[in-house]
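Enquirer: Structure in structure tokens, see below.
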Amino acid sequence: MAETIISPGVFTRENDISFIQPAPVAAGAAIIGPTVKGPVEVPTLVTSYNDYVRKFGTTFQSGAASYEFLTSIGVKNYFQQGGNSVLVSRVVSGSFTRATSTTVTNGTTSTGTEFASGSVAVFRVAATNQEFRLTNVGSGNFTYRFVAYGLEHNHPADDVDGKLFYFNTGSSTTVTATSLSRAINDAFRPSDSALPNFISASFNSNTLIISGSGTGKNGIIFSSGSETAPFASSNKTLFTMGGGGNTLTATTNSFLLETLGKGVVYNNATGSGDTGLQNSDGSLISGSSDNVRWEVSNVNNSLGTFTLSVRQGNDSHKNKIILETFNNVSLDPNNGNYIEKLIGNQYQQINTSENPAYIENIGEYVNRSNYVRVSAVAGQTIDYLGTDGLTVNTDVQNVSYSASLPAVGSGSFHGATGNIVRGIGDDGEANNHFKDIENGNTQGLEGTEYANIISVLENTDDYQFNIVTAPGLIYSFAQHTTQLDSLISLAETRGDCIAVVDLVAHGSTVSNVVAESAKINSSYAASYWPWLQAGTATGRNEFVPASVVIPGVYAFTDSSAAPWFAPAGLVRGGITGVIQAERRLTRTQRDTLYSDKVNPIASFPGQGISVFGQKTLQTKSSALDRVNVRRLLIELKKFIGDQARNLVFEQNTITTRNRFLATVNPYLESVVQRQGLFAYRVVMDDSNNTADVVDRNQLIGQIFIQPAKTAEFIVLDFTIEPTGATFVD
């Protein structure tokens with residue numbers, strides 16, 4: 001409220017402009033490499049080491065020995081050093097598939113007649129007045145008509161013979177086909193004695209399926225009754241039902257589950273009818289902490305619901321390890337707790353048909369389970385309860401829908417392919433790990449197998465991270481050079497991360513390292529040497545390349561200071577969890593490495609092992625040949641870019657510019673206060689936004705910064721003076 005000034009005097013007021021927009025959440029690291037289990041070539045976020053173990057595992061057996069991948073060690077070190085999140089991208093060799101659940105049995109009887117059926121793919125949303133027909137050309141000749149109408153139309157009245165029905169076109173192919181299925185089921189609902197009880201319809205994966213019991217249903221025609229696309233001609237036959245017989249092939253599998261992860265590690269049964277070879281306590285002989293089993297309980301025939309639990313594969317019936325539980329699950333697609341909606345039926349896969357490759361989602365319902373998805377529902381119970389909400393409906397065989405509910409029990413998973421151990425179904429060569437990594441065999445992989453996932457990570461909207469590594473790829477190996485060049489190119493293209501690359505194999509010399517560093521020129525990449533010995537989950541101490549632990553050093557710097565502080569030195573460059581370096585570097589060797597853009601890892605007696613350099617692999621001397629300056633620019637571009645994104649499609653006026661300046665200036669001032677900048681200036685006014693610029697629909701801002709430099713060379717002059725000299729302040 002403004003003061004009313006009448007008499008002379010001094011008035012003091014406060015204008016608080018110190019409010020600073022919160023900085024973006026730390027994106028964390030992206031680590032690419034093999035894992036024991038988990039999604040294949042799908043970047044997956046983990047928020048703790050336990051989360052990583054649950055999704056990707058830790059150790060595995062090969063022969064008589066157990067092993068751990070570099071990916072696992074790197075993730076563990078990153079979280080131990082204060083990291084918040086890691087984007088893990090699993091790379092495999094060969095073909096990997098998911099495991100499916102063993103038969104979820106139900107109460108459907110095995111007597112009666114075999115179903116006749118037919119199906120057709122539905123390619124698009126039906127247009128208004130699109131008509132479909134079901135025609136029986138045998139005894140009791142009749143035709144049922146199903147006509148599409150739009151939401152804007154009133155529902156027309158049925159015709160006099162009661163064989164005309166309407167369905168809603170909806171807003172998508174799925175909605176339209178589901179509505180058509182419901183109209184067909186309504187036409188032949190068993191509770192209506194005026195209509196023959198023989199037909200049921202369902203829609204799954206863009207396919208409309210119509211079936212009926214008995215040989216008398218063979219020959220029924222399903223046709224398009226109009227010329228509306230995609231069914232081109234009038235009264236075109238889409239399919240003729242067939243396959244009906246005298247013996248019923250009963251549906252005994254209520255639904256099918258599928259693991260989200262891929263590989264034989266998820267198998268703990270040998271076939272669909274096998275509940276898994278079990279011990280006397282109900283534990284699975286092939287069960288492990290890396291796979292899962294399913295359990296159905298609390299079946300409620302009155303409501304048509306049940307409980308589905310996902311259990312750890314190595315538990316027992318008396319000592320259950322329940323990973324997640326879904327209550328009041330229904331097989332009725334019209335129920336809010338329909339199994340596909342409640343658990344999810346989506347899966348992700350890499351699509352390499354375009355460049356860059358991308359991850360596509362398959363399925364309608366987002367997964368709520370961390371372990372499984374619903375891949376099929378064979379025993380749908382459409383409108384399980386009657387209109388009174390109490391009476392249980394019956395299916396087309398006049399059998400209670402409750403017979404379709406799953407029986408109480410548990411089961412296993414089977415059928416997955418893909419083994420993490422190279423040589424099984426491959427070339428017979430064992431995996432090479434740790435210091436034995438070589439050109440054509442790095443943890444059982446080849447360099448070319450990293451290409452697709454590196455391409456996927458170019459997507460800056462879906463995947464955010466500030467450091468990327470691929471432990472196990474070595475630049476000096478001919479087969480790895482191309483992929484590491486792609487990794488560096490990825491960082492340059494994204495502009496929001498730095499790539500840490502390993503230059504040489506274990507046992508190399510300083511001259512080997514220097515020769516490789518000369519081949520790279522980028523401020524978006526950095527390299528560290530030598531290799532380090534670390535403890536592993538197997539209990540053995542192994543040598544690992546520096547890229548395994550450097551993300552952890554960056555994480556510690558971010559959490560203890562800020563990204564623009566050097567991730568080096570005795571204060572922030574200490575490397576925890578390592579036992580010793582491959583070799584102790586002399587001062588001369590450290591000088592040689594540093595002058596050639598390689599950051600030495602030094603061993604100081606009594607002070608541990610520390611990163612003692614912070615150069616990027618940029619050849620030209622400039623501020624950007626230092627890691628802390630590159631990471632400062634990454635941080636500033638990320639924050640200011642996010643703020644500028646909010647201005648897109650806003651009015652190009654002074655008000656919009658001032659809104660931007662009111663956010664960016666306080667943030668940059670805070671960076672000055674936190675020792676990231678010496679000074680800065682932001683220009684977004686009429687000087688760089690002339691009338692011509694505005695007419696081109698552009699808004700230009702210029703940010704001038706003076707990065708704070710690090711003290712890397714400390715010079716202390718000791719002057720010896722004669723006795724009796726006076727020290728002057």
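Each chain of the structure tokens is named A, B, ... in the order shown, its residues numbered from 1; ligands are numbered from 1 in display order.
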Can you pull out the residues contacting Tyr524 (chain A)? Cut-off 7 Å, using only C-alpha atoms, and skip same-chain residues under 6 positions away; I want them as a list in words.
Expert: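 Near Tyr524 (chain A), the qualifying residues are Ile488, Ala491, Glu492, Ile498, Ala499 and Thr616 of chain A.
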Enquirer: Save the residues we just selected, N, CA and C atoms, as an mmCIF file, in the first residue's frame?
Expert:
data_model
loop_
_atom_site.group_PDB
_atom_site.id
_atom_site.type_symbol
_atom_site.label_atom_id
_atom_site.label_comp_id
_atom_site.auth_asym_id
_atom_site.auth_seq_id
_atom_site.Cartn_x
_atom_site.Cartn_y
_atom_site.Cartn_z
ATOM 1 N N ILE A 488 31.097 -39.208 -27.124
ATOM 2 C CA ILE A 488 31.541 -37.819 -27.015
ATOM 3 C C ILE A 488 30.661 -36.915 -27.879
ATOM 4 N N ALA A 491 27.467 -36.144 -26.109
ATOM 5 C CA ALA A 491 27.584 -35.069 -25.118
ATOM 6 C C ALA A 491 27.630 -33.704 -25.802
ATOM 7 N N GLU A 492 28.334 -33.612 -26.930
ATOM 8 C CA GLU A 492 28.422 -32.337 -27.645
ATOM 9 C C GLU A 492 27.071 -31.937 -28.226
ATOM 10 N N ILE A 498 28.792 -34.225 -19.706
ATOM 11 C CA ILE A 498 30.184 -34.453 -20.048
ATOM 12 C C ILE A 498 30.432 -35.958 -20.073
ATOM 13 N N ALA A 499 31.177 -36.422 -21.063
ATOM 14 C CA ALA A 499 31.464 -37.850 -21.208
ATOM 15 C C ALA A 499 32.814 -38.166 -20.573
ATOM 16 N N THR A 616 39.602 -30.987 -19.437
ATOM 17 C CA THR A 616 38.810 -31.667 -20.463
ATOM 18 C C THR A 616 39.763 -32.117 -21.562
#
Enquirer: List every residue of region 524-553 of chain A that DSSP, applied to the backbone, labels as helix (DSSP H, G or I), and write the result as a PyMOL selection string.
Expert: chain A and resi 546-548+550-553
Enquirer: Give me, as a Markdown table, the closest atom pair and its distance (Å, one decimal) for every residue of region 240-341 of chain A within a cut-off of 10 Å of region 56-67 of chain A, counting only C-alpha atoms, rows sorted by chain and rising number.
Expert:
| residue | atom | partner | partner_atom | distance |
| --- | --- | --- | --- | --- |
| A:Gly261 | CA | A:Phe56 | CA | 8.6 |
| A:Val265 | CA | A:Phe60 | CA | 9.5 |
| A:Ser289 | CA | A:Gly57 | CA | 8.4 |
| A:Asp290 | CA | A:Gly57 | CA | 6.4 |
| A:Asn291 | CA | A:Gly57 | CA | 9.8 |
Enquirer: For region 644-657 of chain A, please output as a VMD selection string all residues within 8 Å (counting only C-alpha atoms; exclusion window: fewer than 2 positions along the same chain).
Expert: chain A and resid 640 to 642 659 to 661 684 to 685 694 697 to 699
Enquirer: Give me, as number ranges by chain, all polymer residues having an atom no more than 10 Å from Asn136 (chain A), counting only C-alpha atoms and skipping those fewer than 2 positions away in the same chain.
Expert: A: 133-134, 138-144, 216-222, 240
Enquirer: For the residues selected in the previous step, produce a file with N, CA and C atoms as a PDB file, in the first residue's frame.
Expert:
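Once everything was written out, this is part_11.pdb:
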ATOM      1  N   ARG A 133     -22.453 -56.086 -40.317  1.00  0.00           N
ATOM      2  CA  ARG A 133     -23.562 -57.045 -40.303  1.00  0.00           C
ATOM      3  C   ARG A 133     -23.078 -58.431 -39.898  1.00  0.00           C
ATOM      4  N   LEU A 134     -23.921 -59.100 -39.136  1.00  0.00           N
ATOM      5  CA  LEU A 134     -23.743 -60.526 -38.833  1.00  0.00           C
ATOM      6  C   LEU A 134     -24.902 -61.261 -39.503  1.00  0.00           C
ATOM      7  N   GLY A 138     -27.643 -70.051 -43.021  1.00  0.00           N
ATOM      8  CA  GLY A 138     -28.174 -71.408 -42.907  1.00  0.00           C
ATOM      9  C   GLY A 138     -29.610 -71.380 -42.431  1.00  0.00           C
ATOM     10  N   SER A 139     -29.969 -72.357 -41.594  1.00  0.00           N
ATOM     11  CA  SER A 139     -31.334 -72.411 -41.070  1.00  0.00           C
ATOM     12  C   SER A 139     -31.589 -71.204 -40.178  1.00  0.00           C
ATOM     13  N   GLY A 140     -32.835 -70.715 -40.222  1.00  0.00           N
ATOM     14  CA  GLY A 140     -33.169 -69.524 -39.431  1.00  0.00           C
ATOM     15  C   GLY A 140     -32.431 -68.303 -39.934  1.00  0.00           C
ATOM     16  N   ASN A 141     -32.484 -68.119 -41.237  1.00  0.00           N
ATOM     17  CA  ASN A 141     -31.750 -67.021 -41.868  1.00  0.00           C
ATOM     18  C   ASN A 141     -32.098 -65.680 -41.211  1.00  0.00           C
ATOM     19  N   PHE A 142     -31.071 -64.877 -40.845  1.00  0.00           N
ATOM     20  CA  PHE A 142     -31.288 -63.574 -40.238  1.00  0.00           C
ATOM     21  C   PHE A 142     -30.068 -62.691 -40.482  1.00  0.00           C
ATOM     22  N   THR A 143     -30.234 -61.408 -40.271  1.00  0.00           N
ATOM     23  CA  THR A 143     -29.121 -60.447 -40.350  1.00  0.00           C
ATOM     24  C   THR A 143     -29.253 -59.445 -39.207  1.00  0.00           C
ATOM     25  N   TYR A 144     -28.182 -59.308 -38.443  1.00  0.00           N
ATOM     26  CA  TYR A 144     -28.104 -58.286 -37.399  1.00  0.00           C
ATOM     27  C   TYR A 144     -27.235 -57.146 -37.925  1.00  0.00           C
ATOM     28  N   GLY A 216     -23.148 -75.320 -35.477  1.00  0.00           N
ATOM     29  CA  GLY A 216     -24.159 -74.494 -36.131  1.00  0.00           C
ATOM     30  C   GLY A 216     -23.728 -73.053 -36.322  1.00  0.00           C
ATOM     31  N   LYS A 217     -22.621 -72.654 -35.699  1.00  0.00           N
ATOM     32  CA  LYS A 217     -22.149 -71.271 -35.845  1.00  0.00           C
ATOM     33  C   LYS A 217     -21.143 -71.140 -36.981  1.00  0.00           C
ATOM     34  N   ASN A 218     -20.722 -72.277 -37.563  1.00  0.00           N
ATOM     35  CA  ASN A 218     -19.858 -72.208 -38.740  1.00  0.00           C
ATOM     36  C   ASN A 218     -20.637 -71.604 -39.905  1.00  0.00           C
ATOM     37  N   GLY A 219     -19.995 -70.724 -40.643  1.00  0.00           N
ATOM     38  CA  GLY A 219     -20.626 -70.142 -41.817  1.00  0.00           C
ATOM     39  C   GLY A 219     -21.297 -68.811 -41.583  1.00  0.00           C
ATOM     40  N   ILE A 220     -21.378 -68.346 -40.334  1.00  0.00           N
ATOM     41  CA  ILE A 220     -21.939 -67.023 -40.082  1.00  0.00           C
ATOM     42  C   ILE A 220     -20.973 -65.973 -40.631  1.00  0.00           C
ATOM     43  N   ILE A 221     -21.518 -64.986 -41.360  1.00  0.00           N
ATOM     44  CA  ILE A 221     -20.700 -63.999 -42.058  1.00  0.00           C
ATOM     45  C   ILE A 221     -20.709 -62.680 -41.295  1.00  0.00           C
ATOM     46  N   PHE A 222     -19.512 -62.118 -41.136  1.00  0.00           N
ATOM     47  CA  PHE A 222     -19.384 -60.759 -40.601  1.00  0.00           C
ATOM     48  C   PHE A 222     -18.932 -59.879 -41.752  1.00  0.00           C
ATOM     49  N   THR A 240     -15.699 -65.215 -42.369  1.00  0.00           N
ATOM     50  CA  THR A 240     -16.754 -66.199 -42.159  1.00  0.00           C
ATOM     51  C   THR A 240     -16.347 -67.081 -40.995  1.00  0.00           C
TER      52      THR A 240
END
